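Chemist: Sharing my_file.pdb (PDB, C-alpha atoms, pLDDT in the B column) below.
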MODEL        1
ATOM      1  CA  MET O  15     -12.819  -6.363 -20.152  1.00 50.00           C
ATOM      2  CA  HIS O  16     -13.415  -3.717 -17.511  1.00 65.00           C
ATOM      3  CA  GLN O  17     -10.376  -1.464 -17.845  1.00 66.00           C
ATOM      4  CA  VAL O  18     -12.403   1.450 -19.217  1.00 62.00           C
ATOM      5  CA  LEU O  19     -15.517   2.300 -17.223  1.00 61.00           C
ATOM      6  CA  VAL O  20     -16.885   5.161 -19.340  1.00 61.00           C
ATOM      7  CA  GLU O  21     -15.852   6.422 -22.775  1.00 61.00           C
ATOM      8  CA  ILE O  22     -17.329   9.648 -24.153  1.00 65.00           C
ATOM      9  CA  GLY O  23     -15.729  10.914 -27.324  1.00 63.00           C
ATOM     10  CA  GLY O  24     -12.007  11.037 -26.670  1.00 63.00           C
ATOM     11  CA  PHE O  25     -12.440  10.915 -22.898  1.00 60.00           C
ATOM     12  CA  LYS O  26     -11.899   7.599 -21.135  1.00 65.00           C
ATOM     13  CA  LEU O  27     -12.570   7.053 -17.462  1.00 65.00           C
ATOM     14  CA  GLN O  28     -10.268   4.234 -16.398  1.00 72.00           C
ATOM     15  CA  THR O  29     -11.656   1.869 -13.755  1.00 76.00           C
ATOM     16  CA  TYR O  30      -8.184   1.855 -12.201  1.00 76.00           C
ATOM     17  CA  SER O  31      -8.148   5.645 -11.822  1.00 76.00           C
ATOM     18  CA  LEU O  32     -11.656   5.766 -10.350  1.00 81.00           C
ATOM     19  CA  LEU O  33     -10.919   3.046  -7.791  1.00 84.00           C
ATOM     20  CA  MET O  34      -7.651   4.696  -6.784  1.00 80.00           C
ATOM     21  CA  ALA O  35      -9.549   7.945  -6.179  1.00 83.00           C
ATOM     22  CA  ILE O  36     -12.139   6.039  -4.136  1.00 88.00           C
ATOM     23  CA  SER O  37      -9.373   4.374  -2.132  1.00 86.00           C
ATOM     24  CA  ALA O  38      -7.948   7.786  -1.248  1.00 84.00           C
ATOM     25  CA  LEU O  39     -11.360   9.112  -0.175  1.00 88.00           C
ATOM     26  CA  PHE O  40     -12.200   6.063   1.937  1.00 89.00           C
ATOM     27  CA  GLY O  41      -8.746   6.034   3.508  1.00 87.00           C
ATOM     28  CA  PHE O  42      -9.047   9.741   4.301  1.00 88.00           C
ATOM     29  CA  ALA O  43     -12.486   9.264   5.899  1.00 90.00           C
ATOM     30  CA  VAL O  44     -11.291   6.366   8.064  1.00 91.00           C
ATOM     31  CA  ALA O  45      -8.215   8.339   9.148  1.00 90.00           C
ATOM     32  CA  LEU O  46     -10.376  11.326  10.138  1.00 90.00           C
ATOM     33  CA  HIS O  47     -12.697   9.098  12.163  1.00 89.00           C
ATOM     34  CA  GLU O  48      -9.855   7.282  13.868  1.00 90.00           C
ATOM     35  CA  GLY O  49      -7.991  10.485  14.611  1.00 88.00           C
ATOM     36  CA  SER O  50     -11.000  12.174  16.213  1.00 88.00           C
ATOM     37  CA  ARG O  51     -11.722   9.001  18.191  1.00 88.00           C
ATOM     38  CA  ARG O  52      -8.197   9.240  19.595  1.00 86.00           C
ATOM     39  CA  GLY O  53      -8.727  12.867  20.612  1.00 85.00           C
ATOM     40  CA  MET O  54      -6.847  14.512  17.754  1.00 86.00           C
ATOM     41  CA  ARG O  55      -8.004  17.697  16.057  1.00 85.00           C
ATOM     42  CA  SER O  56      -9.740  16.958  12.741  1.00 84.00           C
ATOM     43  CA  LEU O  57      -7.732  19.685  11.014  1.00 85.00           C
ATOM     44  CA  ASP O  58      -4.440  18.175  12.193  1.00 87.00           C
ATOM     45  CA  ILE O  59      -5.269  14.630  11.141  1.00 88.00           C
ATOM     46  CA  ALA O  60      -6.598  15.866   7.782  1.00 89.00           C
ATOM     47  CA  ASP O  61      -3.384  17.819   7.236  1.00 90.00           C
ATOM     48  CA  ALA O  62      -1.266  14.798   8.173  1.00 91.00           C
ATOM     49  CA  ALA O  63      -3.258  12.479   5.909  1.00 89.00           C
ATOM     50  CA  LEU O  64      -3.035  14.899   2.985  1.00 89.00           C
ATOM     51  CA  TRP O  65       0.728  15.324   3.195  1.00 90.00           C
ATOM     52  CA  ALA O  66       1.278  11.600   3.736  1.00 90.00           C
ATOM     53  CA  ALA O  67      -0.870  10.905   0.665  1.00 87.00           C
ATOM     54  CA  ILE O  68       1.166  13.333  -1.448  1.00 88.00           C
ATOM     55  CA  GLY O  69       4.388  11.691  -0.290  1.00 88.00           C
ATOM     56  CA  GLY O  70       2.887   8.276  -0.959  1.00 85.00           C
ATOM     57  CA  ILE O  71       1.820   9.142  -4.505  1.00 83.00           C
ATOM     58  CA  LEU O  72       5.228  10.572  -5.379  1.00 85.00           C
ATOM     59  CA  GLY O  73       7.071   7.631  -3.832  1.00 83.00           C
ATOM     60  CA  ALA O  74       4.820   5.059  -5.491  1.00 81.00           C
ATOM     61  CA  ARG O  75       5.238   6.628  -8.899  1.00 78.00           C
ATOM     62  CA  LEU O  76       9.002   7.009  -8.489  1.00 79.00           C
ATOM     63  CA  GLU O  77       9.448   3.323  -7.647  1.00 74.00           C
ATOM     64  CA  TYR O  78       7.263   2.269 -10.586  1.00 72.00           C
ATOM     65  CA  VAL O  79       9.333   4.376 -12.981  1.00 73.00           C
ATOM     66  CA  LEU O  80      12.642   3.098 -11.567  1.00 75.00           C
ATOM     67  CA  VAL O  81      11.698  -0.590 -11.870  1.00 67.00           C
ATOM     68  CA  ASN O  82      10.558  -0.109 -15.472  1.00 65.00           C
ATOM     69  CA  PRO O  83      13.661   1.565 -16.962  1.00 62.00           C
ATOM     70  CA  GLU O  84      13.243   0.212 -20.488  1.00 65.00           C
ATOM     71  CA  TYR O  85       9.721   1.550 -20.975  1.00 59.00           C
ATOM     72  CA  PHE O  86      10.301   4.970 -19.428  1.00 60.00           C
ATOM     73  CA  GLY O  87      13.718   5.235 -21.076  1.00 59.00           C
ATOM     74  CA  GLU O  88      11.919   5.185 -24.424  1.00 61.00           C
ATOM     75  CA  GLN O  89       8.967   7.276 -23.214  1.00 61.00           C
ATOM     76  CA  PRO O  90      10.244   9.590 -20.446  1.00 61.00           C
ATOM     77  CA  GLY O  91       7.158  11.793 -20.688  1.00 61.00           C
ATOM     78  CA  GLY O  92       5.047   8.845 -19.553  1.00 56.00           C
ATOM     79  CA  ALA O  93       6.516   9.170 -16.053  1.00 57.00           C
ATOM     80  CA  LEU O  94       4.208  12.140 -15.455  1.00 60.00           C
ATOM     81  CA  GLN O  95       1.058  10.464 -16.793  1.00 58.00           C
ATOM     82  CA  ILE O  96      -0.123   9.134 -13.436  1.00 59.00           C
ATOM     83  CA  TRP O  97      -3.747   8.968 -14.609  1.00 55.00           C
ATOM     84  CA  GLN O  98      -2.702   6.002 -16.773  1.00 55.00           C
ATOM     85  CA  GLY O  99      -1.862   4.027 -13.646  1.00 57.00           C
ATOM     86  CA  GLY O 100       1.485   2.756 -12.482  1.00 63.00           C
ATOM     87  CA  PHE O 101       2.117   2.942  -8.753  1.00 68.00           C
ATOM     88  CA  ALA O 102       4.279   0.690  -6.582  1.00 77.00           C
ATOM     89  CA  TYR O 103       3.301  -0.189  -3.029  1.00 80.00           C
ATOM     90  CA  HIS O 104       6.677  -0.007  -1.305  1.00 83.00           C
ATOM     91  CA  GLY O 105       7.580   3.361  -2.771  1.00 83.00           C
ATOM     92  CA  GLY O 106       4.185   4.671  -1.684  1.00 84.00           C
ATOM     93  CA  LEU O 107       4.638   3.372   1.855  1.00 88.00           C
ATOM     94  CA  LEU O 108       8.153   4.784   2.180  1.00 90.00           C
ATOM     95  CA  GLY O 109       7.218   8.136   0.672  1.00 89.00           C
ATOM     96  CA  GLY O 110       4.190   8.488   2.924  1.00 90.00           C
ATOM     97  CA  VAL O 111       6.121   7.560   6.073  1.00 92.00           C
ATOM     98  CA  LEU O 112       9.011   9.920   5.335  1.00 93.00           C
ATOM     99  CA  VAL O 113       6.677  12.853   4.737  1.00 93.00           C
ATOM    100  CA  LEU O 114       4.683  11.954   7.873  1.00 93.00           C
ATOM    101  CA  ILE O 115       7.879  11.924   9.965  1.00 94.00           C
ATOM    102  CA  LEU O 116       8.776  15.369   8.630  1.00 94.00           C
ATOM    103  CA  TRP O 117       5.237  16.666   9.242  1.00 93.00           C
ATOM    104  CA  THR O 118       5.108  15.439  12.849  1.00 93.00           C
ATOM    105  CA  ARG O 119       8.484  17.011  13.600  1.00 93.00           C
ATOM    106  CA  LEU O 120       7.459  20.347  12.126  1.00 92.00           C
ATOM    107  CA  LYS O 121       4.162  20.273  14.023  1.00 90.00           C
ATOM    108  CA  ARG O 122       5.812  18.845  17.148  1.00 91.00           C
ATOM    109  CA  VAL O 123       3.248  16.095  17.590  1.00 90.00           C
ATOM    110  CA  PRO O 124       3.995  12.431  18.461  1.00 90.00           C
ATOM    111  CA  PHE O 125       4.683  10.427  15.319  1.00 93.00           C
ATOM    112  CA  TRP O 126       3.502   7.058  16.639  1.00 94.00           C
ATOM    113  CA  GLU O 127       0.034   8.277  17.662  1.00 92.00           C
ATOM    114  CA  VAL O 128      -0.506   9.928  14.285  1.00 93.00           C
ATOM    115  CA  ALA O 129       0.825   6.875  12.436  1.00 94.00           C
ATOM    116  CA  ASP O 130      -1.592   4.626  14.347  1.00 94.00           C
ATOM    117  CA  ALA O 131      -4.493   6.905  13.432  1.00 92.00           C
ATOM    118  CA  LEU O 132      -3.595   6.826   9.738  1.00 93.00           C
ATOM    119  CA  SER O 133      -2.815   3.092   9.570  1.00 93.00           C
ATOM    120  CA  LEU O 134      -6.390   1.853   9.316  1.00 93.00           C
ATOM    121  CA  GLY O 135      -7.173   4.342   6.574  1.00 91.00           C
ATOM    122  CA  PHE O 136      -4.086   3.346   4.641  1.00 92.00           C
ATOM    123  CA  CYS O 137      -4.871  -0.340   5.083  1.00 93.00           C
ATOM    124  CA  LEU O 138      -8.349   0.161   3.619  1.00 92.00           C
ATOM    125  CA  SER O 139      -6.827   2.162   0.767  1.00 91.00           C
ATOM    126  CA  VAL O 140      -4.559  -0.789  -0.012  1.00 91.00           C
ATOM    127  CA  VAL O 141      -7.608  -3.096  -0.162  1.00 93.00           C
ATOM    128  CA  ILE O 142      -9.261  -0.879  -2.779  1.00 90.00           C
ATOM    129  CA  GLY O 143      -5.893  -0.412  -4.477  1.00 88.00           C
ATOM    130  CA  TRP O 144      -5.721  -4.173  -5.028  1.00 91.00           C
ATOM    131  CA  ALA O 145      -9.195  -3.958  -6.594  1.00 90.00           C
ATOM    132  CA  ALA O 146      -7.934  -1.161  -8.855  1.00 87.00           C
ATOM    133  CA  CYS O 147      -5.090  -3.422  -9.980  1.00 87.00           C
ATOM    134  CA  LEU O 148      -7.560  -6.231 -10.608  1.00 90.00           C
ATOM    135  CA  PHE O 149      -9.678  -4.183 -13.008  1.00 87.00           C
ATOM    136  CA  GLY O 150      -6.698  -2.332 -14.450  1.00 85.00           C
ATOM    137  CA  GLY O 151      -4.887  -5.583 -15.209  1.00 86.00           C
ATOM    138  CA  CYS O 152      -1.720  -4.572 -13.351  1.00 84.00           C
ATOM    139  CA  VAL O 153       0.151  -6.763 -10.845  1.00 88.00           C
ATOM    140  CA  TYR O 154      -1.281  -9.710 -12.777  1.00 91.00           C
ATOM    141  CA  GLY O 155      -0.570 -13.339 -11.925  1.00 94.00           C
ATOM    142  CA  ARG O 156       1.502 -15.838 -13.844  1.00 94.00           C
ATOM    143  CA  MET O 157      -0.284 -18.226 -16.158  1.00 95.00           C
ATOM    144  CA  GLY O 158      -1.167 -21.699 -14.952  1.00 94.00           C
ATOM    145  CA  PHE O 159      -3.909 -23.898 -13.603  1.00 93.00           C
ATOM    146  CA  GLY O 160      -4.972 -24.838 -10.104  1.00 91.00           C
ATOM    147  CA  PRO O 161      -7.285 -23.965  -7.187  1.00 92.00           C
ATOM    148  CA  LEU O 162      -5.846 -20.448  -6.847  1.00 94.00           C
ATOM    149  CA  TYR O 163      -6.013 -19.627 -10.541  1.00 96.00           C
ATOM    150  CA  PHE O 164      -8.773 -17.788 -12.386  1.00 95.00           C
ATOM    151  CA  THR O 165      -9.376 -16.518 -15.903  1.00 95.00           C
ATOM    152  CA  TRP O 166      -8.591 -12.816 -16.194  1.00 93.00           C
ATOM    153  CA  TYR O 167      -6.758 -10.315 -18.350  1.00 91.00           C
ATOM    154  CA  ASP O 168      -3.429  -8.590 -17.850  1.00 89.00           C
ATOM    155  CA  ILE O 169      -2.539  -4.952 -18.450  1.00 84.00           C
ATOM    156  CA  PHE O 170      -2.036  -5.751 -22.157  1.00 85.00           C
ATOM    157  CA  GLY O 171      -5.543  -7.176 -22.490  1.00 86.00           C
ATOM    158  CA  VAL O 172      -4.420 -10.809 -22.804  1.00 91.00           C
ATOM    159  CA  THR O 173      -6.939 -13.124 -21.111  1.00 94.00           C
ATOM    160  CA  ALA O 174      -5.670 -16.372 -19.604  1.00 95.00           C
ATOM    161  CA  SER O 175      -5.830 -18.566 -16.519  1.00 96.00           C
ATOM    162  CA  ARG O 176      -3.709 -16.709 -13.975  1.00 96.00           C
ATOM    163  CA  PHE O 177      -2.660 -16.979 -10.335  1.00 96.00           C
ATOM    164  CA  ALA O 178      -5.111 -14.901  -8.290  1.00 96.00           C
ATOM    165  CA  VAL O 179      -2.630 -12.306  -7.035  1.00 96.00           C
ATOM    166  CA  GLN O 180      -5.084  -9.382  -6.886  1.00 95.00           C
ATOM    167  CA  PRO O 181      -8.079 -11.269  -5.371  1.00 96.00           C
ATOM    168  CA  LEU O 182      -5.792 -12.772  -2.725  1.00 97.00           C
ATOM    169  CA  GLY O 183      -4.334  -9.337  -2.060  1.00 96.00           C
ATOM    170  CA  ILE O 184      -7.847  -7.955  -1.553  1.00 96.00           C
ATOM    171  CA  ALA O 185      -8.892 -10.795   0.759  1.00 96.00           C
ATOM    172  CA  LEU O 186      -5.732 -10.893   2.877  1.00 96.00           C
ATOM    173  CA  THR O 187      -5.517  -7.126   3.333  1.00 96.00           C
ATOM    174  CA  LEU O 188      -9.221  -6.948   4.168  1.00 96.00           C
ATOM    175  CA  VAL O 189      -8.686  -9.548   6.904  1.00 97.00           C
ATOM    176  CA  LEU O 190      -5.724  -7.527   8.178  1.00 97.00           C
ATOM    177  CA  PHE O 191      -7.895  -4.403   8.275  1.00 96.00           C
ATOM    178  CA  GLY O 192     -10.536  -6.255  10.286  1.00 95.00           C
ATOM    179  CA  VAL O 193      -8.010  -7.583  12.804  1.00 96.00           C
ATOM    180  CA  LEU O 194      -6.348  -4.196  13.259  1.00 95.00           C
ATOM    181  CA  PHE O 195      -9.756  -2.560  13.654  1.00 94.00           C
ATOM    182  CA  LEU O 196     -10.879  -5.029  16.330  1.00 94.00           C
ATOM    183  CA  PHE O 197      -7.644  -4.885  18.350  1.00 94.00           C
ATOM    184  CA  ARG O 198      -6.647  -1.253  17.862  1.00 90.00           C
ATOM    185  CA  ASP O 199      -7.506  -0.376  21.480  1.00 89.00           C
ATOM    186  CA  ARG O 200      -5.625  -3.370  22.888  1.00 90.00           C
ATOM    187  CA  MET O 201      -2.228  -2.684  21.380  1.00 91.00           C
ATOM    188  CA  PRO O 202       0.708  -2.868  23.837  1.00 90.00           C
ATOM    189  CA  PHE O 203       2.364   0.423  22.880  1.00 91.00           C
ATOM    190  CA  PRO O 204       1.824   3.556  20.733  1.00 91.00           C
ATOM    191  CA  GLY O 205       2.727   2.716  17.174  1.00 92.00           C
ATOM    192  CA  ALA O 206       1.790  -0.967  17.457  1.00 95.00           C
ATOM    193  CA  THR O 207      -1.084  -0.674  14.984  1.00 95.00           C
ATOM    194  CA  PHE O 208       1.192   0.992  12.443  1.00 95.00           C
ATOM    195  CA  VAL O 209       4.045  -1.475  12.987  1.00 96.00           C
ATOM    196  CA  SER O 210       1.659  -4.444  12.745  1.00 96.00           C
ATOM    197  CA  PHE O 211       0.274  -3.162   9.456  1.00 96.00           C
ATOM    198  CA  VAL O 212       3.736  -2.630   7.964  1.00 95.00           C
ATOM    199  CA  LEU O 213       4.971  -6.035   9.152  1.00 96.00           C
ATOM    200  CA  VAL O 214       2.018  -8.162   8.042  1.00 96.00           C
ATOM    201  CA  SER O 215       1.404  -6.363   4.744  1.00 95.00           C
ATOM    202  CA  GLY O 216       5.091  -6.836   3.932  1.00 94.00           C
ATOM    203  CA  LEU O 217       4.735 -10.584   4.484  1.00 96.00           C
ATOM    204  CA  PHE O 218       1.675 -10.612   2.207  1.00 95.00           C
ATOM    205  CA  HIS O 219       3.494  -8.800  -0.583  1.00 94.00           C
ATOM    206  CA  PHE O 220       6.532 -11.050  -0.314  1.00 95.00           C
ATOM    207  CA  GLY O 221       4.453 -14.222  -0.583  1.00 95.00           C
ATOM    208  CA  LEU O 222       2.099 -13.018  -3.309  1.00 95.00           C
ATOM    209  CA  SER O 223       5.014 -11.905  -5.473  1.00 94.00           C
ATOM    210  CA  PHE O 224       5.887 -15.564  -6.123  1.00 95.00           C
ATOM    211  CA  GLY O 225       2.673 -15.756  -8.153  1.00 94.00           C
ATOM    212  CA  ARG O 226       3.133 -12.563 -10.164  1.00 93.00           C
ATOM    213  CA  GLY O 227       3.545 -12.722 -13.918  1.00 90.00           C
ATOM    214  CA  ASP O 228       4.491  -9.128 -14.728  1.00 86.00           C
ATOM    215  CA  GLU O 229       8.105  -8.455 -15.617  1.00 82.00           C
ATOM    216  CA  THR O 230      10.375  -6.595 -13.228  1.00 81.00           C
ATOM    217  CA  LEU O 231      13.949  -6.473 -12.010  1.00 81.00           C
ATOM    218  CA  VAL O 232      15.140  -9.782 -10.504  1.00 85.00           C
ATOM    219  CA  TRP O 233      18.193 -10.317  -8.327  1.00 87.00           C
ATOM    220  CA  ASN O 234      19.343 -13.657  -6.882  1.00 89.00           C
ATOM    221  CA  GLY O 235      16.029 -15.263  -7.784  1.00 90.00           C
ATOM    222  CA  LEU O 236      13.825 -12.708  -6.040  1.00 91.00           C
ATOM    223  CA  ARG O 237      11.814  -9.892  -7.567  1.00 91.00           C
ATOM    224  CA  VAL O 238      12.678  -6.326  -6.592  1.00 87.00           C
ATOM    225  CA  GLU O 239       9.454  -5.965  -4.600  1.00 89.00           C
ATOM    226  CA  GLN O 240      10.363  -9.076  -2.609  1.00 93.00           C
ATOM    227  CA  TRP O 241      13.669  -7.530  -1.597  1.00 93.00           C
ATOM    228  CA  LEU O 242      11.835  -4.362  -0.638  1.00 91.00           C
ATOM    229  CA  ALA O 243       9.296  -6.419   1.311  1.00 93.00           C
ATOM    230  CA  THR O 244      12.167  -8.140   3.132  1.00 95.00           C
ATOM    231  CA  VAL O 245      13.547  -4.767   4.217  1.00 94.00           C
ATOM    232  CA  GLN O 246      10.025  -3.684   5.182  1.00 94.00           C
ATOM    233  CA  VAL O 247       9.394  -6.739   7.362  1.00 96.00           C
ATOM    234  CA  ALA O 248      12.838  -6.646   8.989  1.00 96.00           C
ATOM    235  CA  SER O 249      12.497  -2.931   9.765  1.00 95.00           C
ATOM    236  CA  ALA O 250       9.004  -3.320  11.212  1.00 96.00           C
ATOM    237  CA  ALA O 251      10.018  -6.326  13.318  1.00 97.00           C
ATOM    238  CA  THR O 252      13.055  -4.489  14.710  1.00 96.00           C
ATOM    239  CA  ILE O 253      11.114  -1.314  15.488  1.00 95.00           C
ATOM    240  CA  GLY O 254       8.274  -3.308  17.023  1.00 94.00           C
ATOM    241  CA  TRP O 255      10.672  -5.250  19.242  1.00 95.00           C
ATOM    242  CA  VAL O 256      12.383  -2.071  20.441  1.00 93.00           C
ATOM    243  CA  ARG O 257       9.061  -0.322  21.083  1.00 93.00           C
ATOM    244  CA  TRP O 258       7.747  -3.348  22.993  1.00 92.00           C
ATOM    245  CA  LEU O 259      10.874  -3.502  25.178  1.00 90.00           C
ATOM    246  CA  GLU O 260      10.510   0.196  25.923  1.00 86.00           C
ATOM    247  CA  ALA O 261       6.879  -0.325  26.936  1.00 84.00           C
ATOM    248  CA  VAL O 262       7.753  -3.288  29.171  1.00 82.00           C
ATOM    249  CA  ARG O 263      10.578  -1.457  30.891  1.00 79.00           C
ATOM    250  CA  ARG O 264       8.627   1.759  31.348  1.00 71.00           C
ATOM    251  CA  PRO O 265       7.647   2.060  35.036  1.00 61.00           C
ATOM    252  CA  ALA O 266       3.942   2.036  35.779  1.00 52.00           C
ATOM    253  CA  VAL O 267       2.515   5.399  36.839  1.00 47.00           C
TER
ENDMDL
END
Would you mind writing the structure in this file as structure tokens?
Modeler:
Amino acid sequence: MHQVLVEIGGFKLQTYSLLMAISALFGFAVALHEGSRRGMRSLDIADAALWAAIGGILGARLEYVLVNPEYFGEQPGGALQIWQGGFAYHGGLLGGVLVLILWTRLKRVPFWEVADALSLGFCLSVVIGWAACLFGGCVYGRMGFGPLYFTWYDIFGVTASRFAVQPLGIALTLVLFGVLFLFRDRMPFPGATFVSFVLVSGLFHFGLSFGRGDETLVWNGLRVEQWLATVQVASAATIGWVRWLEAVRRPAV
């Protein structure tokens, strides 16, 4: 298995932790590049990315703890052990967006332009985050056999033929990153890159969740992350539609 990359004495460097750190660095670098390309001050975009990342980490951890009440009810101290892994995508997205909204209001800068600049960096971070889950064994697929199944271990170290949730997550999000990168200068309105990322990534998470094998809260036949993805997609579609109508109705200058 590849969960532990380096072990020296009592110190263990988890592959998951290293890849999550790399995802943050790569996402930060892409955001800085995209922000400067759009004419934003490097210091401002770095500040925005940092605060959004802090909000994302807190939100992602909070969701993970809330959807695993039995484990953290018995081990409440484990909620603070973020180096052991355990982050949830939707909580991270919501936390990052809320903090970014607050930051843009305090700085009095347009939210949509900043969100567009950060979107590509966040999208790339999600790609590497899927890789972190692959090697960490989290978000593992259900057992079975078929073209989209492969032999891999789960977070408990049990190796079996599983649905390729993480590899598909990597591939699909990487394609999304490429499309957003190619068309980022052809978007119809400010915020379109951000809205497109939120909408499409929500669809990916909803679909891939049907193949997940890890336990979570289930309501009316859908996993909790699927309900969150439904809210994510509906919100993005509504906001995108309103923003597009505003752009169409705006008189040409």
Chemist: Can you turn the PyMOL selection byres ((chain O and resi 165-170) around 8) into a concrete residue list for this file, as a count of residues only?
Modeler: 13
Chemist: Which is closest to Pro124 of chain O among O:Pro204, O:Gly41, O:Gly183, O:Gly69, if we use only C-alpha atoms?
Modeler: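 The answer is O:Pro204, which sits nearest to Pro124 of chain O.
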Chemist: Excluding Thr118 of chain O and any residue of its chain fewer than 3 positions from it, enumerate the residues within 12 Å of it, using all atoms listed in the file, and give them as a VMD selection string.
Modeler: chain O and resid 58 to 59 61 to 63 65 to 66 111 to 115 121 to 129
Chemist: Provide the atom CA of Leu222 of chain O to atom CA of Ala185 of chain O distance in Å, to one decimal place.
Modeler: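 Computing the Euclidean distance for atom CA of Leu222 of chain O and atom CA of Ala185 of chain O yields 11.9 Å.
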Chemist: Taking the file above as input, evaluate the PyMOL selection byres ((chain O and resi 251) around 12) and report the hits as a VMD selection string.
Modeler: chain O and resid 206 208 to 214 216 to 217 244 to 250 252 to 258
Chemist: Output C-alpha atoms for every residue in that selection, as an mmCIF file, in the frame of the given file.
Modeler:
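Result file follows (result32.cif):
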data_model
loop_
_atom_site.group_PDB
_atom_site.id
_atom_site.type_symbol
_atom_site.label_atom_id
_atom_site.label_comp_id
_atom_site.auth_asym_id
_atom_site.auth_seq_id
_atom_site.Cartn_x
_atom_site.Cartn_y
_atom_site.Cartn_z
ATOM 1 C CA ALA O 206 1.790 -0.967 17.457
ATOM 2 C CA PHE O 208 1.192 0.992 12.443
ATOM 3 C CA VAL O 209 4.045 -1.475 12.987
ATOM 4 C CA SER O 210 1.659 -4.444 12.745
ATOM 5 C CA PHE O 211 0.274 -3.162 9.456
ATOM 6 C CA VAL O 212 3.736 -2.630 7.964
ATOM 7 C CA LEU O 213 4.971 -6.035 9.152
ATOM 8 C CA VAL O 214 2.018 -8.162 8.042
ATOM 9 C CA GLY O 216 5.091 -6.836 3.932
ATOM 10 C CA LEU O 217 4.735 -10.584 4.484
ATOM 11 C CA THR O 244 12.167 -8.140 3.132
ATOM 12 C CA VAL O 245 13.547 -4.767 4.217
ATOM 13 C CA GLN O 246 10.025 -3.684 5.182
ATOM 14 C CA VAL O 247 9.394 -6.739 7.362
ATOM 15 C CA ALA O 248 12.838 -6.646 8.989
ATOM 16 C CA SER O 249 12.497 -2.931 9.765
ATOM 17 C CA ALA O 250 9.004 -3.320 11.212
ATOM 18 C CA THR O 252 13.055 -4.489 14.710
ATOM 19 C CA ILE O 253 11.114 -1.314 15.488
ATOM 20 C CA GLY O 254 8.274 -3.308 17.023
ATOM 21 C CA TRP O 255 10.672 -5.250 19.242
ATOM 22 C CA VAL O 256 12.383 -2.071 20.441
ATOM 23 C CA ARG O 257 9.061 -0.322 21.083
ATOM 24 C CA TRP O 258 7.747 -3.348 22.993
#
Chemist: Name the closest residue to Ser139 of chain O among the candidates O:Leu162, O:Ala261, O:Leu33, O:Ala178; distances are taken between atoms, counting all atoms listed in the file.
Modeler: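 Looking at the shortest contact to Ser139 of chain O, the residue is O:Leu33.
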Chemist: Work out how far apart atom CA of Ala145 of chain O and atom CA of Val193 of chain O are and give it in Å to one decimal.
Modeler: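 Atom CA of Ala145 of chain O sits 19.8 Å away from atom CA of Val193 of chain O.
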Chemist: With distances taken over all atoms listed in the file, which residue among O:Leu186, O:Leu107, O:Ala146, O:Arg51 lies nearest Ile36 of chain O?
Modeler: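 Distance minimum relative to Ile36 of chain O lands on O:Ala146.
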Chemist: Within 12 Å of His104 of chain O, counting all atoms listed in the file, which residues show up once you throw out same-chain ones fewer than 4 positions away? Write them as a PyMOL selection string, please.
Modeler: chain O and resi 69-78+81+108-111+140+212+215-216+219-220+238-247
Chemist: Could you turn the residues from that selection into a file that holds C-alpha atoms, as a PDB file, in the coordinates of the input?
Modeler:
ATOM      1  CA  GLY O  69       4.388  11.691  -0.290  1.00 88.00           C
ATOM      2  CA  GLY O  70       2.887   8.276  -0.959  1.00 85.00           C
ATOM      3  CA  ILE O  71       1.820   9.142  -4.505  1.00 83.00           C
ATOM      4  CA  LEU O  72       5.228  10.572  -5.379  1.00 85.00           C
ATOM      5  CA  GLY O  73       7.071   7.631  -3.832  1.00 83.00           C
ATOM      6  CA  ALA O  74       4.820   5.059  -5.491  1.00 81.00           C
ATOM      7  CA  ARG O  75       5.238   6.628  -8.899  1.00 78.00           C
ATOM      8  CA  LEU O  76       9.002   7.009  -8.489  1.00 79.00           C
ATOM      9  CA  GLU O  77       9.448   3.323  -7.647  1.00 74.00           C
ATOM     10  CA  TYR O  78       7.263   2.269 -10.586  1.00 72.00           C
ATOM     11  CA  VAL O  81      11.698  -0.590 -11.870  1.00 67.00           C
ATOM     12  CA  LEU O 108       8.153   4.784   2.180  1.00 90.00           C
ATOM     13  CA  GLY O 109       7.218   8.136   0.672  1.00 89.00           C
ATOM     14  CA  GLY O 110       4.190   8.488   2.924  1.00 90.00           C
ATOM     15  CA  VAL O 111       6.121   7.560   6.073  1.00 92.00           C
ATOM     16  CA  VAL O 140      -4.559  -0.789  -0.012  1.00 91.00           C
ATOM     17  CA  VAL O 212       3.736  -2.630   7.964  1.00 95.00           C
ATOM     18  CA  SER O 215       1.404  -6.363   4.744  1.00 95.00           C
ATOM     19  CA  GLY O 216       5.091  -6.836   3.932  1.00 94.00           C
ATOM     20  CA  HIS O 219       3.494  -8.800  -0.583  1.00 94.00           C
ATOM     21  CA  PHE O 220       6.532 -11.050  -0.314  1.00 95.00           C
ATOM     22  CA  VAL O 238      12.678  -6.326  -6.592  1.00 87.00           C
ATOM     23  CA  GLU O 239       9.454  -5.965  -4.600  1.00 89.00           C
ATOM     24  CA  GLN O 240      10.363  -9.076  -2.609  1.00 93.00           C
ATOM     25  CA  TRP O 241      13.669  -7.530  -1.597  1.00 93.00           C
ATOM     26  CA  LEU O 242      11.835  -4.362  -0.638  1.00 91.00           C
ATOM     27  CA  ALA O 243       9.296  -6.419   1.311  1.00 93.00           C
ATOM     28  CA  THR O 244      12.167  -8.140   3.132  1.00 95.00           C
ATOM     29  CA  VAL O 245      13.547  -4.767   4.217  1.00 94.00           C
ATOM     30  CA  GLN O 246      10.025  -3.684   5.182  1.00 94.00           C
ATOM     31  CA  VAL O 247       9.394  -6.739   7.362  1.00 96.00           C
TER      32      VAL O 247
END
Chemist: Taking all atoms listed in the file into account, which of O:Leu39, O:Cys147, O:Leu196, O:Met157 comes nearest Leu64 of chain O?
Modeler: O:Leu39
Chemist: Interatomic distance between atom CA of Arg226 of chain O and atom CA of Val153 of chain O?
Modeler: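 So the answer is 6.6 Å.
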Chemist: Using all atoms listed in the file for the distances, tell me which of O:Pro202, O:Val179, O:Leu259, O:Leu32 is nearest to Asp228 of chain O.
Modeler: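 Closest residue, counting all atoms listed in the file: O:Val179.
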